[in-house]
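The file my_file31.pdb comes next; it holds PDB, C-alpha atoms, pLDDT in the B column.
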```pdb
ATOM      1  CA  MET P  17       0.000   0.000   0.000  1.00 29.00           C
ATOM      2  CA  PHE P  18       1.279   3.472  -0.880  1.00 30.00           C
ATOM      3  CA  ASN P  19       2.249   5.456   2.210  1.00 37.00           C
ATOM      4  CA  PRO P  20       2.635   9.190   1.442  1.00 39.00           C
ATOM      5  CA  PHE P  21       4.411   9.732   4.775  1.00 37.00           C
ATOM      6  CA  LYS P  22       7.132   7.089   4.240  1.00 40.00           C
ATOM      7  CA  ARG P  23      10.608   8.630   4.598  1.00 42.00           C
ATOM      8  CA  LYS P  24      12.361   7.802   1.333  1.00 41.00           C
ATOM      9  CA  ASP P  25      15.199  10.298   1.139  1.00 42.00           C
ATOM     10  CA  GLN P  26      16.206  11.451   4.596  1.00 42.00           C
ATOM     11  CA  THR P  27      19.551  13.212   4.821  1.00 42.00           C
ATOM     12  CA  GLN P  28      22.080  12.518   7.553  1.00 39.00           C
ATOM     13  CA  SER P  29      21.413  15.790   9.344  1.00 50.00           C
ATOM     14  CA  GLU P  30      18.564  18.257   9.389  1.00 58.00           C
ATOM     15  CA  PRO P  31      19.550  21.932   9.922  1.00 64.00           C
ATOM     16  CA  GLU P  32      18.351  23.096  13.303  1.00 65.00           C
ATOM     17  CA  GLY P  33      15.592  25.681  13.206  1.00 84.00           C
ATOM     18  CA  ARG P  34      14.781  25.273   9.515  1.00 91.00           C
ATOM     19  CA  VAL P  35      12.809  22.022   9.442  1.00 96.00           C
ATOM     20  CA  PRO P  36       9.277  22.035  10.899  1.00 96.00           C
ATOM     21  CA  PRO P  37       8.136  19.255  13.261  1.00 96.00           C
ATOM     22  CA  GLY P  38       7.451  15.933  11.592  1.00 96.00           C
ATOM     23  CA  GLN P  39       9.413  16.802   8.426  1.00 96.00           C
ATOM     24  CA  TYR P  40      12.556  15.314   6.870  1.00 95.00           C
ATOM     25  CA  VAL P  41      14.956  16.968   4.433  1.00 96.00           C
ATOM     26  CA  THR P  42      15.161  15.706   0.860  1.00 94.00           C
ATOM     27  CA  GLU P  43      17.469  16.560  -2.009  1.00 92.00           C
ATOM     28  CA  LYS P  44      14.843  15.396  -4.492  1.00 92.00           C
ATOM     29  CA  PHE P  45      11.826  17.374  -5.661  1.00 90.00           C
ATOM     30  CA  PRO P  46       8.890  14.948  -5.400  1.00 85.00           C
ATOM     31  CA  VAL P  47       5.969  15.364  -7.791  1.00 86.00           C
ATOM     32  CA  LEU P  48       2.537  15.230  -6.175  1.00 75.00           C
ATOM     33  CA  HIS P  49      -0.684  16.583  -7.627  1.00 73.00           C
ATOM     34  CA  TYR P  50      -4.323  15.921  -8.342  1.00 72.00           C
ATOM     35  CA  GLY P  51      -5.301  15.006 -11.903  1.00 77.00           C
ATOM     36  CA  THR P  52      -3.168  14.843 -15.019  1.00 86.00           C
ATOM     37  CA  VAL P  53      -0.352  17.165 -16.070  1.00 92.00           C
ATOM     38  CA  PRO P  54      -1.582  19.872 -18.481  1.00 91.00           C
ATOM     39  CA  GLN P  55       0.265  20.082 -21.785  1.00 89.00           C
ATOM     40  CA  TYR P  56       0.571  23.193 -23.947  1.00 90.00           C
ATOM     41  CA  THR P  57       1.481  23.020 -27.611  1.00 89.00           C
ATOM     42  CA  ASN P  58       1.327  26.825 -28.011  1.00 92.00           C
ATOM     43  CA  VAL P  59       1.366  28.569 -24.639  1.00 94.00           C
ATOM     44  CA  ASP P  60       1.015  32.027 -26.250  1.00 92.00           C
ATOM     45  CA  GLU P  61      -2.419  31.059 -27.553  1.00 92.00           C
ATOM     46  CA  GLN P  62      -3.568  28.504 -24.970  1.00 95.00           C
ATOM     47  CA  TRP P  63      -2.750  30.211 -21.683  1.00 97.00           C
ATOM     48  CA  ASP P  64      -3.836  33.384 -19.925  1.00 98.00           C
ATOM     49  CA  LEU P  65      -4.180  34.592 -16.346  1.00 98.00           C
ATOM     50  CA  ARG P  66      -7.410  36.206 -15.216  1.00 98.00           C
ATOM     51  CA  CYS P  67      -8.322  38.206 -12.107  1.00 98.00           C
ATOM     52  CA  TRP P  68     -11.858  38.955 -10.917  1.00 98.00           C
ATOM     53  CA  GLY P  69     -14.018  39.436  -7.855  1.00 98.00           C
ATOM     54  CA  GLU P  70     -13.478  42.209  -5.326  1.00 98.00           C
ATOM     55  CA  LEU P  71     -11.534  44.573  -7.585  1.00 98.00           C
ATOM     56  CA  ALA P  72     -12.512  47.586  -9.627  1.00 98.00           C
ATOM     57  CA  GLU P  73     -12.846  45.538 -12.817  1.00 98.00           C
ATOM     58  CA  PRO P  74     -11.670  42.178 -14.142  1.00 98.00           C
ATOM     59  CA  ALA P  75      -8.201  41.865 -15.643  1.00 98.00           C
ATOM     60  CA  ARG P  76      -6.567  39.453 -18.069  1.00 98.00           C
ATOM     61  CA  PHE P  77      -2.927  38.838 -18.957  1.00 98.00           C
ATOM     62  CA  SER P  78      -1.718  36.941 -21.977  1.00 97.00           C
ATOM     63  CA  PHE P  79       1.421  34.849 -21.573  1.00 97.00           C
ATOM     64  CA  ARG P  80       3.580  37.581 -23.111  1.00 97.00           C
ATOM     65  CA  GLU P  81       1.959  40.337 -21.052  1.00 98.00           C
ATOM     66  CA  PHE P  82       2.530  38.458 -17.843  1.00 98.00           C
ATOM     67  CA  ARG P  83       6.121  37.628 -18.682  1.00 97.00           C
ATOM     68  CA  ALA P  84       6.790  41.329 -19.320  1.00 98.00           C
ATOM     69  CA  LEU P  85       6.081  42.175 -15.654  1.00 98.00           C
ATOM     70  CA  PRO P  86       8.986  42.927 -13.272  1.00 98.00           C
ATOM     71  CA  THR P  87      10.550  39.811 -11.794  1.00 97.00           C
ATOM     72  CA  VAL P  88      12.404  38.852  -8.636  1.00 98.00           C
ATOM     73  CA  THR P  89      14.443  35.828  -7.553  1.00 98.00           C
ATOM     74  CA  ILE P  90      14.181  34.361  -4.052  1.00 97.00           C
ATOM     75  CA  LYS P  91      15.803  31.506  -2.143  1.00 98.00           C
ATOM     76  CA  THR P  92      13.508  29.748   0.309  1.00 97.00           C
ATOM     77  CA  ASP P  93      12.679  26.459   2.015  1.00 98.00           C
ATOM     78  CA  ILE P  94       9.522  24.557   1.073  1.00 97.00           C
ATOM     79  CA  HIS P  95       7.543  22.002   3.074  1.00 97.00           C
ATOM     80  CA  CYS P  96       5.083  19.385   1.833  1.00 96.00           C
ATOM     81  CA  VAL P  97       2.267  17.920   3.921  1.00 96.00           C
ATOM     82  CA  THR P  98       3.593  14.456   2.980  1.00 94.00           C
ATOM     83  CA  ARG P  99       6.477  15.288   5.341  1.00 96.00           C
ATOM     84  CA  TRP P 100       9.347  16.237   3.027  1.00 95.00           C
ATOM     85  CA  SER P 101      11.129  19.584   3.207  1.00 97.00           C
ATOM     86  CA  LYS P 102      13.510  20.947   0.587  1.00 97.00           C
ATOM     87  CA  LEU P 103      15.921  23.678   1.612  1.00 97.00           C
ATOM     88  CA  ASP P 104      17.404  26.601  -0.311  1.00 97.00           C
ATOM     89  CA  THR P 105      15.162  26.293  -3.349  1.00 97.00           C
ATOM     90  CA  VAL P 106      15.530  29.125  -5.873  1.00 98.00           C
ATOM     91  CA  TRP P 107      12.529  30.580  -7.681  1.00 98.00           C
ATOM     92  CA  GLU P 108      11.942  33.394 -10.143  1.00 98.00           C
ATOM     93  CA  GLY P 109       8.702  35.146 -10.966  1.00 98.00           C
ATOM     94  CA  VAL P 110       6.514  38.118 -10.144  1.00 98.00           C
ATOM     95  CA  SER P 111       6.101  39.110  -6.524  1.00 98.00           C
ATOM     96  CA  PHE P 112       2.427  38.947  -5.579  1.00 98.00           C
ATOM     97  CA  ARG P 113       2.683  42.445  -4.132  1.00 98.00           C
ATOM     98  CA  GLU P 114       4.188  43.672  -7.391  1.00 98.00           C
ATOM     99  CA  PHE P 115       1.452  41.933  -9.363  1.00 98.00           C
ATOM    100  CA  LEU P 116      -1.213  43.887  -7.484  1.00 98.00           C
ATOM    101  CA  ARG P 117       0.301  47.088  -8.896  1.00 98.00           C
ATOM    102  CA  HIS P 118      -0.569  45.917 -12.409  1.00 98.00           C
ATOM    103  CA  ILE P 119      -4.244  45.059 -11.935  1.00 98.00           C
ATOM    104  CA  PRO P 120      -7.216  47.344 -11.204  1.00 98.00           C
ATOM    105  CA  PRO P 121      -7.412  48.452  -7.548  1.00 98.00           C
ATOM    106  CA  LEU P 122      -8.770  46.000  -5.031  1.00 98.00           C
ATOM    107  CA  LYS P 123     -11.939  46.945  -3.226  1.00 98.00           C
ATOM    108  CA  PRO P 124     -11.634  47.507   0.556  1.00 98.00           C
ATOM    109  CA  SER P 125     -13.716  44.357   0.980  1.00 98.00           C
ATOM    110  CA  ALA P 126     -11.040  42.111  -0.599  1.00 98.00           C
ATOM    111  CA  ARG P 127      -9.687  39.879   2.175  1.00 98.00           C
ATOM    112  CA  PHE P 128      -9.247  36.417   0.649  1.00 98.00           C
ATOM    113  CA  VAL P 129      -8.008  34.924  -2.614  1.00 98.00           C
ATOM    114  CA  ILE P 130      -8.873  31.723  -4.438  1.00 98.00           C
ATOM    115  CA  ALA P 131      -6.174  30.451  -6.795  1.00 98.00           C
ATOM    116  CA  HIS P 132      -7.821  28.727  -9.763  1.00 98.00           C
ATOM    117  CA  SER P 133      -5.784  26.170 -11.686  1.00 96.00           C
ATOM    118  CA  GLU P 134      -6.258  23.837 -14.618  1.00 94.00           C
ATOM    119  CA  GLN P 135      -8.791  21.011 -14.212  1.00 89.00           C
ATOM    120  CA  GLY P 136     -10.793  22.901 -11.601  1.00 90.00           C
ATOM    121  CA  TYR P 137      -8.212  22.714  -8.799  1.00 94.00           C
ATOM    122  CA  THR P 138      -8.390  25.565  -6.273  1.00 97.00           C
ATOM    123  CA  ALA P 139      -6.428  26.741  -3.235  1.00 97.00           C
ATOM    124  CA  ASN P 140      -7.597  29.414  -0.803  1.00 98.00           C
ATOM    125  CA  LEU P 141      -5.508  31.905   1.163  1.00 98.00           C
ATOM    126  CA  PRO P 142      -6.010  35.118   3.129  1.00 98.00           C
ATOM    127  CA  LEU P 143      -4.874  38.159   1.188  1.00 98.00           C
ATOM    128  CA  ASP P 144      -2.516  39.239   3.974  1.00 97.00           C
ATOM    129  CA  VAL P 145      -0.628  35.928   3.680  1.00 98.00           C
ATOM    130  CA  LEU P 146      -0.071  36.557  -0.031  1.00 98.00           C
ATOM    131  CA  LEU P 147       1.384  39.979   0.735  1.00 98.00           C
ATOM    132  CA  ASP P 148       4.476  38.443   2.364  1.00 97.00           C
ATOM    133  CA  ASP P 149       7.797  39.268   0.681  1.00 95.00           C
ATOM    134  CA  ASP P 150       8.417  35.638  -0.346  1.00 97.00           C
ATOM    135  CA  VAL P 151       5.125  34.977  -2.173  1.00 98.00           C
ATOM    136  CA  LEU P 152       5.539  34.713  -5.949  1.00 98.00           C
ATOM    137  CA  LEU P 153       3.687  33.979  -9.104  1.00 98.00           C
ATOM    138  CA  ALA P 154       6.575  31.748 -10.141  1.00 98.00           C
ATOM    139  CA  TYR P 155       7.623  30.477 -13.549  1.00 98.00           C
ATOM    140  CA  LYS P 156      11.246  29.458 -13.041  1.00 98.00           C
ATOM    141  CA  TYR P 157      12.847  27.025 -10.618  1.00 97.00           C
ATOM    142  CA  ASP P 158      16.619  26.740 -10.143  1.00 97.00           C
ATOM    143  CA  GLY P 159      17.212  29.023 -13.116  1.00 96.00           C
ATOM    144  CA  GLN P 160      15.077  27.031 -15.543  1.00 97.00           C
ATOM    145  CA  GLU P 161      11.497  27.206 -16.743  1.00 97.00           C
ATOM    146  CA  LEU P 162       9.177  25.159 -14.564  1.00 97.00           C
ATOM    147  CA  THR P 163       8.693  21.656 -15.877  1.00 96.00           C
ATOM    148  CA  PRO P 164       5.113  20.633 -16.691  1.00 95.00           C
ATOM    149  CA  GLU P 165       5.098  18.367 -13.610  1.00 95.00           C
ATOM    150  CA  HIS P 166       5.974  21.295 -11.364  1.00 95.00           C
ATOM    151  CA  GLY P 167       3.438  23.743 -12.750  1.00 95.00           C
ATOM    152  CA  TYR P 168       4.510  25.182 -16.107  1.00 96.00           C
ATOM    153  CA  PRO P 169       3.790  27.859 -17.176  1.00 97.00           C
ATOM    154  CA  LEU P 170       2.910  29.418 -13.806  1.00 98.00           C
ATOM    155  CA  ARG P 171       2.400  28.404 -10.214  1.00 98.00           C
ATOM    156  CA  LEU P 172       1.730  30.161  -6.957  1.00 98.00           C
ATOM    157  CA  LEU P 173       4.548  29.970  -4.402  1.00 98.00           C
ATOM    158  CA  VAL P 174       3.649  30.430  -0.721  1.00 98.00           C
ATOM    159  CA  PRO P 175       6.659  29.075   1.218  1.00 97.00           C
ATOM    160  CA  LYS P 176       5.266  29.632   4.725  1.00 97.00           C
ATOM    161  CA  LYS P 177       2.400  27.202   4.086  1.00 98.00           C
ATOM    162  CA  TYR P 178       2.342  23.509   3.271  1.00 97.00           C
ATOM    163  CA  PHE P 179       3.066  23.140  -0.397  1.00 96.00           C
ATOM    164  CA  TRP P 180      -0.442  22.238  -1.567  1.00 96.00           C
ATOM    165  CA  LYS P 181      -1.268  25.926  -1.114  1.00 97.00           C
ATOM    166  CA  SER P 182       1.331  26.708  -3.830  1.00 97.00           C
ATOM    167  CA  ALA P 183      -1.098  25.829  -6.608  1.00 97.00           C
ATOM    168  CA  LYS P 184       0.401  24.578  -9.864  1.00 96.00           C
ATOM    169  CA  TRP P 185      -0.853  25.428 -13.390  1.00 97.00           C
ATOM    170  CA  LEU P 186      -2.323  28.723 -12.243  1.00 98.00           C
ATOM    171  CA  ARG P 187      -4.995  30.290 -14.463  1.00 98.00           C
ATOM    172  CA  GLY P 188      -6.911  32.716 -12.256  1.00 98.00           C
ATOM    173  CA  LEU P 189      -7.033  34.717  -9.041  1.00 98.00           C
ATOM    174  CA  GLU P 190     -10.433  35.404  -7.511  1.00 98.00           C
ATOM    175  CA  PHE P 191     -10.568  38.092  -4.824  1.00 98.00           C
ATOM    176  CA  LEU P 192     -13.253  37.575  -2.181  1.00 98.00           C
ATOM    177  CA  ASP P 193     -14.711  39.321   0.848  1.00 98.00           C
ATOM    178  CA  HIS P 194     -15.054  35.955   2.638  1.00 98.00           C
ATOM    179  CA  ASP P 195     -13.109  32.717   2.863  1.00 98.00           C
ATOM    180  CA  ARG P 196     -14.038  29.731   0.690  1.00 97.00           C
ATOM    181  CA  LEU P 197     -12.414  26.338   1.039  1.00 97.00           C
ATOM    182  CA  GLY P 198     -10.152  25.115  -1.745  1.00 97.00           C
ATOM    183  CA  PHE P 199      -9.896  21.612  -3.218  1.00 95.00           C
ATOM    184  CA  TRP P 200      -7.890  19.855  -0.499  1.00 94.00           C
ATOM    185  CA  GLU P 201      -9.500  21.844   2.290  1.00 95.00           C
ATOM    186  CA  ARG P 202     -12.885  20.440   1.246  1.00 95.00           C
ATOM    187  CA  TYR P 203     -11.396  16.971   1.653  1.00 93.00           C
ATOM    188  CA  GLY P 204     -10.347  17.536   5.247  1.00 94.00           C
ATOM    189  CA  TYR P 205      -6.975  19.241   5.007  1.00 96.00           C
ATOM    190  CA  SER P 206      -6.225  22.176   7.290  1.00 96.00           C
ATOM    191  CA  ASN P 207      -7.416  25.565   6.128  1.00 97.00           C
ATOM    192  CA  ASN P 208      -4.427  27.290   7.744  1.00 96.00           C
ATOM    193  CA  ALA P 209      -1.699  24.796   6.696  1.00 97.00           C
ATOM    194  CA  ASP P 210       1.091  26.100   8.928  1.00 97.00           C
ATOM    195  CA  PRO P 211       4.029  23.623   8.806  1.00 97.00           C
ATOM    196  CA  TRP P 212       5.462  24.861  12.097  1.00 96.00           C
ATOM    197  CA  ARG P 213       2.218  23.979  13.877  1.00 96.00           C
ATOM    198  CA  GLU P 214       1.792  20.724  11.926  1.00 96.00           C
ATOM    199  CA  GLU P 215      -1.596  21.888  10.704  1.00 96.00           C
ATOM    200  CA  ARG P 216      -2.024  19.057   8.210  1.00 95.00           C
ATOM    201  CA  TYR P 217      -5.703  18.237   8.704  1.00 92.00           C
ATOM    202  CA  ALA P 218      -8.777  20.170   9.747  1.00 87.00           C
ATOM    203  CA  ASP P 219      -8.945  18.382  13.117  1.00 77.00           C
ATOM    204  CA  ASP P 220      -5.265  18.930  14.001  1.00 66.00           C
TER     205      ASP P 220
END
```

As structure tokens:
Amino acid sequence: MFNPFKRKDQTQSEPEGRVPPGQYVTEKFPVLHYGTVPQYTNVDEQWDLRCWGELAEPARFSFREFRALPTVTIKTDIHCVTRWSKLDTVWEGVSFREFLRHIPPLKPSARFVIAHSEQGYTANLPLDVLLDDDVLLAYKYDGQELTPEHGYPLRLLVPKKYFWKSAKWLRGLEFLDHDRLGFWERYGYSNNADPWREERYADD
């Protein structure tokens, strides 16, 4: 039987203060997701990013328009609910805070965001969490374009939360005045998803 919490790639030592409780460090980058991996034969024509909800008016970015936005590179640790942590990962993309400067103004009522991905997958987060310095709309990992398995052409990156909140294959951002559970949250995963508190499931 498949055990998602089996320790397959534990290193000899785990840096003190950087690995949340119940996690082990891996050098690999495991691939975990719901559904199949989307494939694009012409990303310029097949992909866009849309924003709607609690903002002055909806917005849409083509692939080229999005890739023309200012970018940043960050180094950060990431933590998966299946108990692996990967340290010093390097990502490039558009800071979420920077992205907000390029869409119509948010209404004062905007407090939550739903990330919409291919195949109907969603992840929910409070807006104030997305305003952290390390939150990206990411399209490069370790200096290279994201692979399809890791979210090409765009994924959300929220390092302070378990990695299912970093939704792959991002297609839309919906701004809300109230919280609404995402895909895994509806199936019993924690809404807060704080690795340092081991908030894996709703009843933790």

Looking at all atoms listed in the file, which of P:Leu116, P:Glu108, P:Asn140, P:Val59 is the one that sits closest to Leu197 (chain P)? P:Asn140

Residues returned when the PyMOL selection byres ((chain P and resi 206) around 7) runs on this file, as a ChimeraX atom specification: /P:201,204-205,207-209,215-218

Hey, what's within 9 Å of Lys91 (chain P) if we count only C-alpha atoms and toss same-chain stuff fewer than 6 positions away? As a ChimeraX atom specification, please? /P:103-107,150

At what distance in Å, to one decimal, does CA of Arg171 (chain P) lie from CA of Ile130 (chain P)? 13.1 Å

Measuring atom to atom with only C-alpha atoms, identify which of P:Gly136, P:Gln160, P:Glu190, P:Trp100 is nearest to Glu43 (chain P).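 Result for the nearest residue to Glu43 (chain P): P:Trp100.
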
Pairwise distance, CA of Val129 (chain P) with CA of Ala183 (chain P), equals 12.1 Å

Taking the file above as input, evaluate the PyMOL selection byres ((chain P and resi 154) around 12) and report the hits as a ChimeraX atom specification. /P:82-83,85-90,106-112,115,150-153,155-163,166-175,182-186
